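A.B. asks: Sharing coords.cif (mmCIF, C-alpha atoms) below.
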data_final
#
loop_
_atom_site.label_atom_id
_atom_site.label_comp_id
_atom_site.auth_asym_id
_atom_site.auth_seq_id
_atom_site.Cartn_x
_atom_site.Cartn_y
_atom_site.Cartn_z
CA MET A 1 -57.52 -70.71 -174.54
CA LEU A 2 -59.74 -70.99 -177.60
CA ASP A 3 -58.16 -71.58 -180.98
CA PRO A 4 -59.45 -69.38 -183.86
CA VAL A 5 -61.82 -72.06 -185.20
CA SER A 6 -63.32 -72.75 -181.75
CA TYR A 7 -63.64 -69.05 -181.12
CA GLY A 8 -65.43 -68.59 -184.47
CA ILE A 9 -67.83 -71.44 -183.66
CA TRP A 10 -68.45 -70.05 -180.14
CA LEU A 11 -69.22 -66.64 -181.62
CA ALA A 12 -71.57 -68.21 -184.22
CA VAL A 13 -73.45 -70.10 -181.47
CA VAL A 14 -73.91 -66.94 -179.38
CA LEU A 15 -75.02 -64.99 -182.46
CA THR A 16 -77.61 -67.59 -183.49
CA GLU A 17 -79.00 -67.61 -179.95
CA VAL A 18 -79.26 -63.81 -179.86
CA ILE A 19 -80.85 -63.74 -183.35
CA SER A 20 -83.33 -66.44 -182.36
CA LEU A 21 -84.25 -64.49 -179.24
CA ALA A 22 -84.75 -61.35 -181.34
CA CYS A 23 -86.95 -63.26 -183.82
CA MET A 24 -89.13 -64.53 -180.96
CA ILE A 25 -89.56 -61.07 -179.53
CA ARG A 26 -90.26 -59.67 -183.02
CA GLY A 27 -92.80 -62.47 -183.62
CA ARG A 28 -94.51 -61.53 -180.33
CA ALA A 29 -94.04 -65.01 -178.97
CA PHE A 30 -92.57 -63.85 -175.68
CA THR A 31 -95.61 -64.62 -173.52
CA GLN A 32 -97.01 -67.53 -175.51
CA HIS A 33 -93.70 -69.38 -175.64
CA PHE A 34 -92.01 -68.07 -172.51
CA THR A 35 -90.19 -71.36 -171.87
CA LEU A 36 -88.41 -71.06 -175.24
CA VAL A 37 -87.14 -67.63 -174.24
CA LEU A 38 -86.08 -69.05 -170.87
CA TYR A 39 -84.20 -71.87 -172.60
CA LEU A 40 -82.38 -69.50 -174.96
CA CYS A 41 -81.40 -67.20 -172.07
CA SER A 42 -80.05 -70.25 -170.20
CA CYS A 43 -78.09 -71.26 -173.31
CA LEU A 44 -76.59 -67.77 -173.52
CA ALA A 45 -75.62 -67.83 -169.84
CA SER A 46 -74.07 -71.27 -170.34
CA GLU A 47 -72.05 -70.05 -173.37
CA LEU A 48 -70.74 -67.06 -171.43
CA GLY A 49 -69.81 -69.32 -168.49
CA ALA A 50 -68.05 -71.75 -170.82
CA HIS A 51 -66.09 -68.90 -172.37
CA ALA A 52 -64.95 -67.70 -168.93
CA ILE A 53 -63.86 -71.21 -167.86
CA LEU A 54 -62.07 -71.83 -171.17
CA GLY A 55 -60.20 -68.55 -170.71
CA ASN A 56 -59.08 -69.52 -167.20
CA SER A 57 -58.61 -73.28 -167.35
CA GLY A 58 -58.45 -74.33 -171.01
CA TYR A 59 -60.30 -76.91 -173.04
CA ASN A 60 -58.62 -80.01 -171.61
CA SER A 61 -59.25 -79.09 -167.96
CA ASP A 62 -61.55 -81.04 -165.60
CA ALA A 63 -63.31 -77.76 -164.77
CA TYR A 64 -64.43 -77.30 -168.38
CA TYR A 65 -65.35 -81.00 -168.75
CA TYR A 66 -67.69 -80.94 -165.75
CA PHE A 67 -69.05 -77.49 -166.55
CA PHE A 68 -69.89 -78.59 -170.09
CA PHE A 69 -71.72 -81.79 -169.18
CA TYR A 70 -73.52 -80.52 -166.08
CA SER A 71 -74.63 -77.32 -167.83
CA LYS A 72 -75.91 -79.52 -170.68
CA SER A 73 -77.88 -81.54 -168.13
CA LEU A 74 -79.39 -78.35 -166.69
CA LEU A 75 -80.23 -77.16 -170.20
CA THR A 76 -81.96 -80.49 -170.85
CA ILE A 77 -84.14 -79.87 -167.79
CA CYS A 78 -84.97 -76.44 -169.30
CA LEU A 79 -85.88 -78.33 -172.49
CA TYR A 80 -88.35 -80.35 -170.41
CA PHE A 81 -90.06 -77.06 -169.53
CA VAL A 82 -90.24 -76.27 -173.25
CA LEU A 83 -91.74 -79.69 -173.88
CA MET A 84 -94.36 -79.17 -171.19
CA ASN A 85 -95.20 -75.84 -172.80
CA MET A 86 -95.71 -77.67 -176.11
CA TYR A 87 -97.86 -80.31 -174.41
CA SER A 88 -100.06 -77.57 -172.93
CA HIS A 89 -100.40 -75.92 -176.38
CA VAL A 90 -101.40 -79.19 -178.03
CA PHE A 91 -103.89 -80.17 -175.33
CA SER A 92 -105.20 -76.64 -174.67
CA ASP A 93 -108.32 -77.13 -176.83
CA MET A 94 -109.31 -80.16 -174.75
CA GLY A 95 -109.31 -78.10 -171.55
CA ALA A 96 -106.69 -80.40 -170.12
CA GLY A 97 -104.44 -77.62 -168.83
CA LYS A 98 -104.84 -78.69 -165.19
CA TYR A 99 -103.88 -82.31 -165.95
CA ILE A 100 -100.90 -81.13 -168.03
CA ARG A 101 -99.62 -79.04 -165.13
CA VAL A 102 -100.02 -81.98 -162.71
CA GLY A 103 -98.39 -84.33 -165.24
CA ALA A 104 -95.55 -81.87 -165.85
CA ALA A 105 -94.93 -81.51 -162.12
CA MET A 106 -94.89 -85.31 -161.73
CA ILE A 107 -92.47 -85.80 -164.65
CA MET A 108 -90.21 -83.06 -163.30
CA ALA A 109 -90.29 -84.58 -159.80
CA GLY A 110 -89.67 -88.05 -161.26
CA THR A 111 -86.75 -86.83 -163.37
CA ALA A 112 -85.27 -84.94 -160.42
CA GLY A 113 -85.72 -88.01 -158.17
CA ILE A 114 -84.13 -90.40 -160.67
CA SER A 115 -81.28 -87.97 -161.32
CA TYR A 116 -80.71 -87.55 -157.57
CA TYR A 117 -80.71 -91.33 -157.11
CA MET A 118 -78.25 -91.72 -160.00
CA VAL A 119 -75.92 -89.06 -158.59
CA ALA A 120 -76.18 -90.40 -155.03
CA ALA A 121 -75.56 -93.98 -156.17
CA SER A 122 -72.60 -92.91 -158.30
CA SER A 123 -70.89 -90.42 -156.01
CA THR A 124 -67.73 -92.52 -156.13
CA ARG A 125 -67.78 -92.38 -159.93
CA LEU A 126 -67.98 -88.61 -160.30
CA ILE A 127 -64.42 -88.50 -161.56
CA THR A 128 -65.33 -90.86 -164.40
CA ASN A 129 -67.61 -90.20 -167.34
CA PHE A 130 -70.74 -90.17 -165.19
CA ALA A 131 -71.48 -86.58 -166.24
CA ALA A 132 -71.68 -87.64 -169.88
CA GLU A 133 -73.86 -90.65 -169.00
CA LEU A 134 -76.29 -88.40 -167.12
CA GLY A 135 -76.59 -86.12 -170.17
CA GLN A 136 -77.18 -89.11 -172.44
CA ASN A 137 -79.98 -90.44 -170.19
CA LEU A 138 -81.68 -87.06 -169.79
CA TYR A 139 -81.67 -86.49 -173.55
CA PHE A 140 -83.02 -89.99 -174.11
CA VAL A 141 -85.97 -89.33 -171.77
CA ALA A 142 -86.56 -86.13 -173.76
CA VAL A 143 -86.60 -88.19 -177.00
CA ILE A 144 -89.31 -90.44 -175.57
CA LEU A 145 -91.38 -87.48 -174.32
CA THR A 146 -91.09 -85.69 -177.68
CA TYR A 147 -92.05 -88.85 -179.53
CA LEU A 148 -95.15 -89.27 -177.35
CA LEU A 149 -96.10 -85.65 -178.02
CA TRP A 150 -95.62 -86.10 -181.77
CA PHE A 151 -97.77 -89.25 -181.65
CA ALA A 152 -100.51 -87.35 -179.77
CA MET A 153 -100.33 -84.50 -182.30
CA ALA A 154 -100.78 -86.92 -185.18
CA LYS A 155 -103.78 -88.54 -183.46
CA LEU A 156 -105.36 -85.18 -182.57
CA ARG A 157 -104.63 -83.83 -186.09
CA GLU A 158 -102.85 -80.78 -184.76
CA ASN A 159 -102.55 -78.34 -187.66
CA ARG A 160 -100.82 -75.23 -186.29
CA THR A 161 -97.67 -75.00 -188.42
CA ARG A 162 -95.65 -73.20 -185.75
CA VAL A 163 -96.40 -75.83 -183.10
CA LEU A 164 -95.69 -78.63 -185.61
CA GLN A 165 -92.32 -77.20 -186.58
CA LEU A 166 -91.30 -76.37 -183.01
CA VAL A 167 -92.03 -79.91 -181.82
CA LEU A 168 -90.37 -81.57 -184.83
CA SER A 169 -87.25 -79.41 -184.60
CA MET A 170 -87.00 -80.25 -180.92
CA GLY A 171 -87.36 -83.94 -181.80
CA VAL A 172 -84.45 -83.59 -184.23
CA TYR A 173 -82.30 -81.87 -181.58
CA VAL A 174 -82.95 -84.21 -178.65
CA SER A 175 -82.51 -87.37 -180.73
CA LEU A 176 -79.32 -85.97 -182.29
CA SER A 177 -78.01 -85.07 -178.83
CA ALA A 178 -78.96 -88.42 -177.25
CA GLY A 179 -77.25 -90.27 -180.10
CA SER A 180 -74.17 -88.01 -179.93
CA PHE A 181 -73.80 -88.46 -176.16
CA ALA A 182 -74.16 -92.23 -176.60
CA ILE A 183 -71.37 -92.23 -179.21
CA PHE A 184 -69.29 -89.97 -176.96
CA ASN A 185 -69.65 -92.50 -174.15
CA LEU A 186 -68.47 -95.25 -176.49
CA TYR A 187 -65.58 -93.25 -177.98
CA PRO A 188 -64.64 -90.46 -175.53
CA ASN A 189 -61.00 -90.08 -176.62
CA HIS A 190 -61.50 -87.97 -179.73
CA ASP A 191 -61.37 -84.48 -178.19
CA ASP A 192 -60.42 -82.78 -181.46
CA PHE A 193 -63.69 -83.97 -183.00
CA TRP A 194 -66.05 -83.47 -180.02
CA LYS A 195 -64.89 -79.94 -179.21
CA TYR A 196 -66.18 -78.79 -182.61
CA TYR A 197 -69.09 -81.20 -182.95
CA PHE A 198 -71.11 -80.35 -179.82
CA PRO A 199 -71.13 -76.55 -180.33
CA ILE A 200 -72.04 -76.93 -184.02
CA THR A 201 -75.01 -79.21 -183.26
CA SER A 202 -76.21 -76.84 -180.51
CA MET A 203 -76.96 -74.27 -183.23
CA TRP A 204 -79.81 -76.39 -184.64
CA LEU A 205 -82.52 -75.34 -182.15
CA PRO A 206 -81.89 -71.56 -182.24
CA LEU A 207 -81.69 -71.65 -186.06
CA SER A 208 -84.87 -73.67 -186.51
CA TRP A 209 -86.77 -71.56 -183.96
CA ALA A 210 -85.57 -68.37 -185.64
CA TYR A 211 -86.80 -69.70 -188.99
CA THR A 212 -90.20 -70.67 -187.55
CA PHE A 213 -90.83 -67.32 -185.86
CA LEU A 214 -89.48 -65.33 -188.80
CA LYS A 215 -91.07 -67.17 -191.72
CA VAL A 216 -94.17 -68.98 -190.44
CA PRO A 217 -97.17 -66.73 -189.74
CA LYS A 218 -98.87 -67.19 -186.37
CA ASP A 219 -102.13 -68.38 -187.92
CA ALA A 220 -100.57 -70.67 -190.57
CA ARG A 221 -102.09 -74.14 -190.79
CA LEU A 222 -100.66 -77.39 -192.14
CA ALA A 223 -102.38 -80.77 -192.09
CA THR A 224 -100.38 -83.31 -190.07
CA ALA A 225 -101.16 -85.87 -192.78
CA LYS A 226 -99.07 -83.86 -195.28
CA VAL A 227 -96.06 -84.31 -193.03
CA LEU A 228 -96.72 -87.95 -192.20
CA ALA A 229 -98.17 -89.67 -195.27
CA PRO A 230 -96.09 -90.09 -198.44
CA ASN A 231 -96.96 -87.50 -201.11
CA SER A 232 -100.35 -86.57 -199.70
CA MET B 1 -74.44 -102.06 -174.37
CA MET B 2 -76.69 -99.25 -173.06
CA PRO B 3 -75.05 -96.44 -175.11
CA GLY B 4 -75.25 -98.63 -178.23
CA MET B 5 -78.97 -99.22 -177.73
CA ILE B 6 -79.64 -95.53 -177.03
CA PHE B 7 -77.65 -94.62 -180.16
CA ALA B 8 -79.67 -97.00 -182.35
CA ILE B 9 -83.06 -95.81 -181.04
CA SER B 10 -82.01 -92.15 -181.23
CA LEU B 11 -80.82 -92.58 -184.82
CA LEU B 12 -84.19 -94.00 -185.86
CA ALA B 13 -86.03 -91.19 -184.02
CA LEU B 14 -83.70 -88.61 -185.60
CA LEU B 15 -84.46 -89.91 -189.09
CA GLN B 16 -88.20 -89.82 -188.51
CA PHE B 17 -88.18 -86.35 -186.92
CA PHE B 18 -85.89 -84.92 -189.60
CA VAL B 19 -87.94 -86.34 -192.49
CA SER B 20 -91.17 -84.99 -190.95
CA TYR B 21 -89.59 -81.61 -190.23
CA THR B 22 -88.27 -81.22 -193.77
CA ARG B 23 -91.60 -82.34 -195.21
CA SER B 24 -93.27 -79.60 -193.16
CA LEU B 25 -90.86 -77.07 -194.75
CA ILE B 26 -91.53 -78.46 -198.24
CA ALA B 27 -95.32 -78.57 -197.74
CA GLU B 28 -95.35 -74.80 -197.28
CA SER B 29 -93.82 -74.39 -200.78
CA ARG B 30 -96.52 -76.43 -202.53
CA THR B 31 -99.08 -73.64 -202.28
CA HIS B 32 -96.72 -71.13 -203.96
CA GLN B 33 -97.33 -70.40 -207.65
CA LEU B 34 -94.09 -70.04 -209.59
CA SER B 35 -93.72 -67.04 -211.89
CA ASP B 36 -93.50 -67.70 -215.63
CA GLN B 37 -89.90 -66.50 -215.73
CA THR B 38 -88.82 -68.93 -213.01
CA ARG B 39 -90.64 -71.73 -214.82
CA ASP B 40 -88.67 -70.94 -217.97
CA ILE B 41 -85.37 -70.82 -216.07
CA CYS B 42 -86.10 -74.10 -214.29
CA GLY B 43 -87.50 -75.82 -217.35
CA PHE B 44 -90.78 -76.75 -215.64
CA THR B 45 -93.76 -77.53 -217.83
CA ALA B 46 -96.28 -78.42 -215.11
CA LYS B 47 -96.56 -77.86 -211.34
CA THR B 48 -94.50 -80.98 -210.72
CA ALA B 49 -90.72 -81.09 -210.81
CA ARG B 50 -88.19 -83.86 -211.37
CA GLY B 51 -85.55 -84.78 -208.83
CA ASP B 52 -82.72 -84.54 -211.39
CA GLN B 53 -83.42 -80.79 -211.73
CA PHE B 54 -82.48 -80.18 -208.09
CA PRO B 55 -78.65 -79.81 -208.47
CA ARG B 56 -79.08 -77.21 -211.23
CA LEU B 57 -81.64 -75.30 -209.14
CA LEU B 58 -79.23 -75.31 -206.22
CA GLN B 59 -76.53 -73.76 -208.42
CA LEU B 60 -78.97 -71.06 -209.52
CA ILE B 61 -79.99 -70.38 -205.90
CA GLU B 62 -76.32 -69.88 -204.99
CA LEU B 63 -76.05 -67.23 -207.69
CA CYS B 64 -78.86 -65.17 -206.11
CA PRO B 65 -78.28 -63.26 -202.86
CA GLU B 66 -80.27 -64.63 -199.91
CA SER B 67 -83.68 -63.12 -199.24
CA GLY B 68 -84.69 -62.79 -195.60
CA GLY B 69 -83.11 -65.90 -194.10
CA ASP B 70 -84.30 -68.74 -196.37
CA GLY B 71 -80.80 -70.26 -196.33
CA PHE B 72 -81.75 -72.50 -193.40
CA LYS B 73 -84.64 -74.00 -195.37
CA VAL B 74 -82.54 -74.50 -198.52
CA ARG B 75 -79.82 -76.30 -196.51
CA SER B 76 -82.36 -78.53 -194.74
CA VAL B 77 -84.03 -79.49 -198.03
CA THR B 78 -80.60 -80.16 -199.61
CA LEU B 79 -79.71 -82.51 -196.74
CA TYR B 80 -83.07 -84.28 -197.15
CA PHE B 81 -82.45 -84.61 -200.92
CA ARG B 82 -79.05 -86.21 -200.26
CA LEU B 83 -80.58 -88.57 -197.69
CA LEU B 84 -83.15 -89.62 -200.29
CA GLY B 85 -80.31 -90.31 -202.75
CA LEU B 86 -78.68 -92.53 -200.15
CA ALA B 87 -81.98 -94.29 -199.42
CA ASN B 88 -82.48 -94.82 -203.16
CA GLY B 89 -79.13 -96.63 -203.38
CA VAL B 90 -79.97 -98.81 -200.37
CA PHE B 91 -83.43 -99.76 -201.67
CA ARG B 92 -82.02 -100.56 -205.12
CA TRP B 93 -79.48 -102.83 -203.48
CA LEU B 94 -82.29 -104.47 -201.49
CA MET B 95 -84.32 -104.70 -204.73
CA VAL B 96 -87.46 -102.86 -203.53
CA PRO B 97 -88.78 -101.20 -206.72
CA SER B 98 -91.88 -99.67 -205.07
CA ALA B 99 -89.65 -97.49 -202.85
CA ALA B 100 -88.00 -95.95 -205.92
CA VAL B 101 -91.32 -94.41 -207.07
CA TRP B 102 -91.89 -92.77 -203.67
CA ILE B 103 -88.29 -91.55 -203.44
CA GLU B 104 -88.44 -90.01 -206.92
CA ALA B 105 -91.68 -88.21 -206.00
CA GLU B 106 -90.05 -86.87 -202.82
CA ARG B 107 -87.00 -85.72 -204.77
CA GLY B 108 -89.36 -83.93 -207.14
CA CYS B 109 -90.94 -82.15 -204.13
CA CYS B 110 -87.44 -81.08 -203.04
CA ALA B 111 -86.83 -79.67 -206.53
CA TYR B 112 -90.12 -77.75 -206.42
CA ALA B 113 -89.24 -76.30 -202.98
CA ALA B 114 -85.86 -75.22 -204.40
CA ALA B 115 -87.63 -73.59 -207.37
CA VAL B 116 -89.87 -71.68 -204.94
CA ALA B 117 -86.80 -70.46 -203.05
CA LEU B 118 -85.24 -69.36 -206.35
CA ASP B 119 -88.48 -67.61 -207.36
CA ARG B 120 -88.56 -65.68 -204.07
CA ARG B 121 -84.90 -64.69 -204.39
CA ILE B 122 -85.42 -63.45 -207.93
CA ALA B 123 -88.44 -61.40 -206.82
CA TYR B 124 -86.47 -60.02 -203.85
CA ASN B 125 -83.52 -59.00 -206.04
CA ARG B 126 -85.84 -57.36 -208.55
CA THR B 127 -87.37 -55.28 -205.75
CA ILE B 128 -83.91 -54.25 -204.54
CA MET B 129 -82.83 -53.31 -208.07
CA ALA B 130 -86.03 -51.33 -208.64
CA GLN B 131 -85.44 -49.46 -205.38
CA GLN B 132 -81.86 -48.68 -206.38
CA ALA B 133 -82.97 -47.49 -209.83
CA SER B 134 -85.58 -45.17 -208.31
CA HIS B 135 -82.89 -43.45 -206.17
#
Write out the structure in this file as structure tokens.

C.D. replies:
Amino acid sequence: MLDPVSYGIWLAVVLTEVISLACMIRGRAFTQHFTLVLYLCSCLASELGAHAILGNSGYNSDAYYYFFFYSKSLLTICLYFVLMNMYSHVFSDMGAGKYIRVGAAMIMAGTAGISYYMVAASSTRLITNFAAELGQNLYFVAVILTYLLWFAMAKLRENRTRVLQLVLSMGVYVSLSAGSFAIFNLYPNHDDFWKYYFPITSMWLPLSWAYTFLKVPKDARLATAKVLAPNS
Amino acid sequence: MMPGMIFAISLLALLQFFVSYTRSLIAESRTHQLSDQTRDICGFTAKTARGDQFPRLLQLIELCPESGGDGFKVRSVTLYFRLLGLANGVFRWLMVPSAAVWIEAERGCCAYAAAVALDRRIAYNRTIMAQQASH
């Protein structure tokens, strides 16, 4: 059963996701950023699933532990789709859409292959903290991919404010998550802290996306140099 | 070993992404012209602002009801301002005077972004009051 604080946080997470989804639809970004909508819908499904499991099994159950970490891993794979969408936006002017799709398919296949190998090689460890280690590794790969994208954007002088903010906010989220999972793997026995921490941090992406689609006009431009160089 | 390394790299990436993200939020404010009334309230004489004006501006922002979801931006800029304060302490301890100039300029940008948020809230509240008066 959820305590009042956890229930309040759960409700806040669901609300931010719904609001973010509404802002995207209002900003007519449904087709252009379909993967973001897909990610938010997956997050909502995950939250509803978590609520059902918490109601039946409780926070300290194995069922909730595995549901939480494996759903996070699946959501990270959805984030890869978002990243590929961002890559295609950044490289669209170069007519590199075909290469992006091939690259995206290869990265997805590579990630799936590595994950399968890790699961197959660790089948005896599934009762340990393997689920948390998998999440940490997937988020870390996402950090590297986001960093490469940000580097490419700086080199190509990408100036669409929406794309800039979407990529940077994703960079904040994946690096925060990778770091948090790493700390969780080092200090897993602080349930009272982690049960509030992870849901609170998961609000970052919906909030930042809602802000971008609500406040930043579609045709707004911002020089990358203003974000990178000191006081330019 | 591995989690420790991932944590260290992720922390560095987080800092860089967060600083760039907040700078992108602040950059949008630089093009906004403050109204004369907001300038008087803030005590600004030119387009630039000083970092030490930020806490007072934050108090004034809290007095005004939020206008159209700018709370997220204000909170992000506040966090960036506090990070800069922390960095200032670290660089002073390391005796790097050139960093202090850059940090003060960044804190000034935070103060200007806060003034822009205050300006927009004042304008929003005026519109609401005018609408209420007309009814």

A.B. asks: Between A:Tyr117, A:Phe34, A:Tyr87, A:Tyr39, which has the minimum distance to Leu149 of chain A (counting all atoms listed in the file)?

C.D. replies: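 Smallest separation from Leu149 of chain A among the options: A:Tyr87.
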
A.B. asks: Between atom CA of Ala131 of chain A and atom CA of Ala50 of chain A, what distance in Å does the model show, to one decimal?

C.D. replies: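 Taking atom CA of Ala131 of chain A as the start and atom CA of Ala50 of chain A as the end point, the length is 15.9 Å.
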
A.B. asks: Axis-aligned box over every listed atom of segment 30-41 of chain A, padded by 6 Å per side: centre and edges in Å to one decimal, as JSON?

C.D. replies:
{"center_x": -89.2, "center_y": -67.9, "center_z": -173.3, "size_x": 27.6, "size_y": 20.0, "size_z": 16.8}

A.B. asks: Between atom CA of Glu106 of chain B and atom CA of Ala8 of chain B, what is the spacing in Å?

C.D. replies: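 Spanning atom CA of Ala8 of chain B to atom CA of Glu106 of chain B is a straight-line distance of 25.1 Å.
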
A.B. asks: Could you expand the PyMOL selection byres ((chain B) within 12 of (chain A)) into the explicit residues it covers here, written as JSON, numbers by chain?

C.D. replies: {"B": [1, 2, 3, 4, 5, 6, 7, 8, 9, 10, 11, 12, 13, 14, 15, 16, 17, 18, 19, 20, 21, 22, 23, 24, 25, 26, 27, 28, 29, 30, 31, 48, 67, 68, 69, 70, 71, 72, 73, 74, 75, 76, 99, 101, 102, 103, 104, 105, 106, 107, 108, 109, 110]}

A.B. asks: To one decimal place in Å, what is the distance between atom CA of Leu38 of chain A and atom CA of Phe69 of chain A?

C.D. replies: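 Between atom CA of Leu38 of chain A and atom CA of Phe69 of chain A the gap works out to 19.3 Å.
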
A.B. asks: Once the PyMOL selection byres ((chain B and resi 38) around 9) has been evaluated on this model, what residues remain selected, and can you format them as a list in words?

C.D. replies: Leu34, Ser35, Asp36, Gln37, Arg39, Asp40, Ile41, Cys42, Gly43, Phe44, Ala115, Val116, Leu118, Asp119 and Ile122 of chain B

A.B. asks: Using the chain letters and numbering of this document, enumerate as JSON, numbers by chain the residues selected by the PyMOL selection byres ((chain A and resi 43) around 12).

C.D. replies: {"A": [10, 13, 14, 15, 16, 17, 18, 20, 21, 36, 37, 38, 39, 40, 41, 42, 44, 45, 46, 47, 48, 49, 50, 68, 71, 72, 73, 74, 75, 76, 77, 78, 79, 199, 202, 203, 205, 206]}

A.B. asks: Take the residues just selected and output them with C-alpha atoms as a short mmCIF file (atom, residue, chain, number, x, y, z; two decimals), keeping the file's coordinate frame.

C.D. replies:
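The new file selection.cif reads:
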data_model
loop_
_atom_site.label_atom_id
_atom_site.label_comp_id
_atom_site.auth_asym_id
_atom_site.auth_seq_id
_atom_site.Cartn_x
_atom_site.Cartn_y
_atom_site.Cartn_z
CA TRP A 10 -68.45 -70.05 -180.14
CA VAL A 13 -73.45 -70.10 -181.47
CA VAL A 14 -73.91 -66.94 -179.38
CA LEU A 15 -75.02 -64.99 -182.46
CA THR A 16 -77.61 -67.59 -183.49
CA GLU A 17 -79.00 -67.61 -179.95
CA VAL A 18 -79.26 -63.81 -179.86
CA SER A 20 -83.33 -66.44 -182.36
CA LEU A 21 -84.25 -64.49 -179.24
CA LEU A 36 -88.41 -71.06 -175.24
CA VAL A 37 -87.14 -67.63 -174.24
CA LEU A 38 -86.08 -69.05 -170.87
CA TYR A 39 -84.20 -71.87 -172.60
CA LEU A 40 -82.38 -69.50 -174.96
CA CYS A 41 -81.40 -67.20 -172.07
CA SER A 42 -80.05 -70.25 -170.20
CA LEU A 44 -76.59 -67.77 -173.52
CA ALA A 45 -75.62 -67.83 -169.84
CA SER A 46 -74.07 -71.27 -170.34
CA GLU A 47 -72.05 -70.05 -173.37
CA LEU A 48 -70.74 -67.06 -171.43
CA GLY A 49 -69.81 -69.32 -168.49
CA ALA A 50 -68.05 -71.75 -170.82
CA PHE A 68 -69.89 -78.59 -170.09
CA SER A 71 -74.63 -77.32 -167.83
CA LYS A 72 -75.91 -79.52 -170.68
CA SER A 73 -77.88 -81.54 -168.13
CA LEU A 74 -79.39 -78.35 -166.69
CA LEU A 75 -80.23 -77.16 -170.20
CA THR A 76 -81.96 -80.49 -170.85
CA ILE A 77 -84.14 -79.87 -167.79
CA CYS A 78 -84.97 -76.44 -169.30
CA LEU A 79 -85.88 -78.33 -172.49
CA PRO A 199 -71.13 -76.55 -180.33
CA SER A 202 -76.21 -76.84 -180.51
CA MET A 203 -76.96 -74.27 -183.23
CA LEU A 205 -82.52 -75.34 -182.15
CA PRO A 206 -81.89 -71.56 -182.24
#

A.B. asks: As a list of chain:residue names, please: the residues near Tyr196 of chain A (cut-off 9 Å, all atoms listed in the file, same-chain neighbours under 5 positions excluded).

C.D. replies: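 These residues fall inside the cut-off: A:Val5, A:Ser6, A:Ile9, A:Asp191, A:Thr201.
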
A.B. asks: Can you take the partial segment 52-63 of chain A, add N, CA and C atoms, and return it as a CSV table (one decimal), in the frame of the given file?

C.D. replies:
chain,number,residue,atom,x,y,z
A,52,ALA,N,-65.8,-68.1,-170.1
A,52,ALA,CA,-65.0,-67.7,-168.9
A,52,ALA,C,-64.1,-68.8,-168.4
A,53,ILE,N,-64.6,-70.1,-168.4
A,53,ILE,CA,-63.9,-71.2,-167.9
A,53,ILE,C,-62.8,-71.6,-168.9
A,54,LEU,N,-63.1,-71.5,-170.2
A,54,LEU,CA,-62.1,-71.8,-171.2
A,54,LEU,C,-60.9,-70.8,-171.1
A,55,GLY,N,-61.2,-69.6,-170.8
A,55,GLY,CA,-60.2,-68.6,-170.7
A,55,GLY,C,-59.3,-68.8,-169.5
A,56,ASN,N,-59.9,-69.3,-168.4
A,56,ASN,CA,-59.1,-69.5,-167.2
A,56,ASN,C,-58.4,-70.9,-167.2
A,57,SER,N,-59.1,-71.9,-167.6
A,57,SER,CA,-58.6,-73.3,-167.4
A,57,SER,C,-58.2,-74.0,-168.6
A,58,GLY,N,-58.8,-73.6,-169.8
A,58,GLY,CA,-58.4,-74.3,-171.0
A,58,GLY,C,-59.4,-75.5,-171.3
A,59,TYR,N,-59.3,-75.9,-172.6
A,59,TYR,CA,-60.3,-76.9,-173.0
A,59,TYR,C,-60.1,-78.3,-172.4
A,60,ASN,N,-58.9,-78.7,-172.1
A,60,ASN,CA,-58.6,-80.0,-171.6
A,60,ASN,C,-58.7,-80.1,-170.1
A,61,SER,N,-59.2,-79.1,-169.4
A,61,SER,CA,-59.2,-79.1,-168.0
A,61,SER,C,-60.5,-79.8,-167.5
A,62,ASP,N,-60.4,-80.4,-166.2
A,62,ASP,CA,-61.6,-81.0,-165.6
A,62,ASP,C,-62.7,-80.0,-165.4
A,63,ALA,N,-62.3,-78.8,-165.1
A,63,ALA,CA,-63.3,-77.8,-164.8
A,63,ALA,C,-64.2,-77.6,-166.0
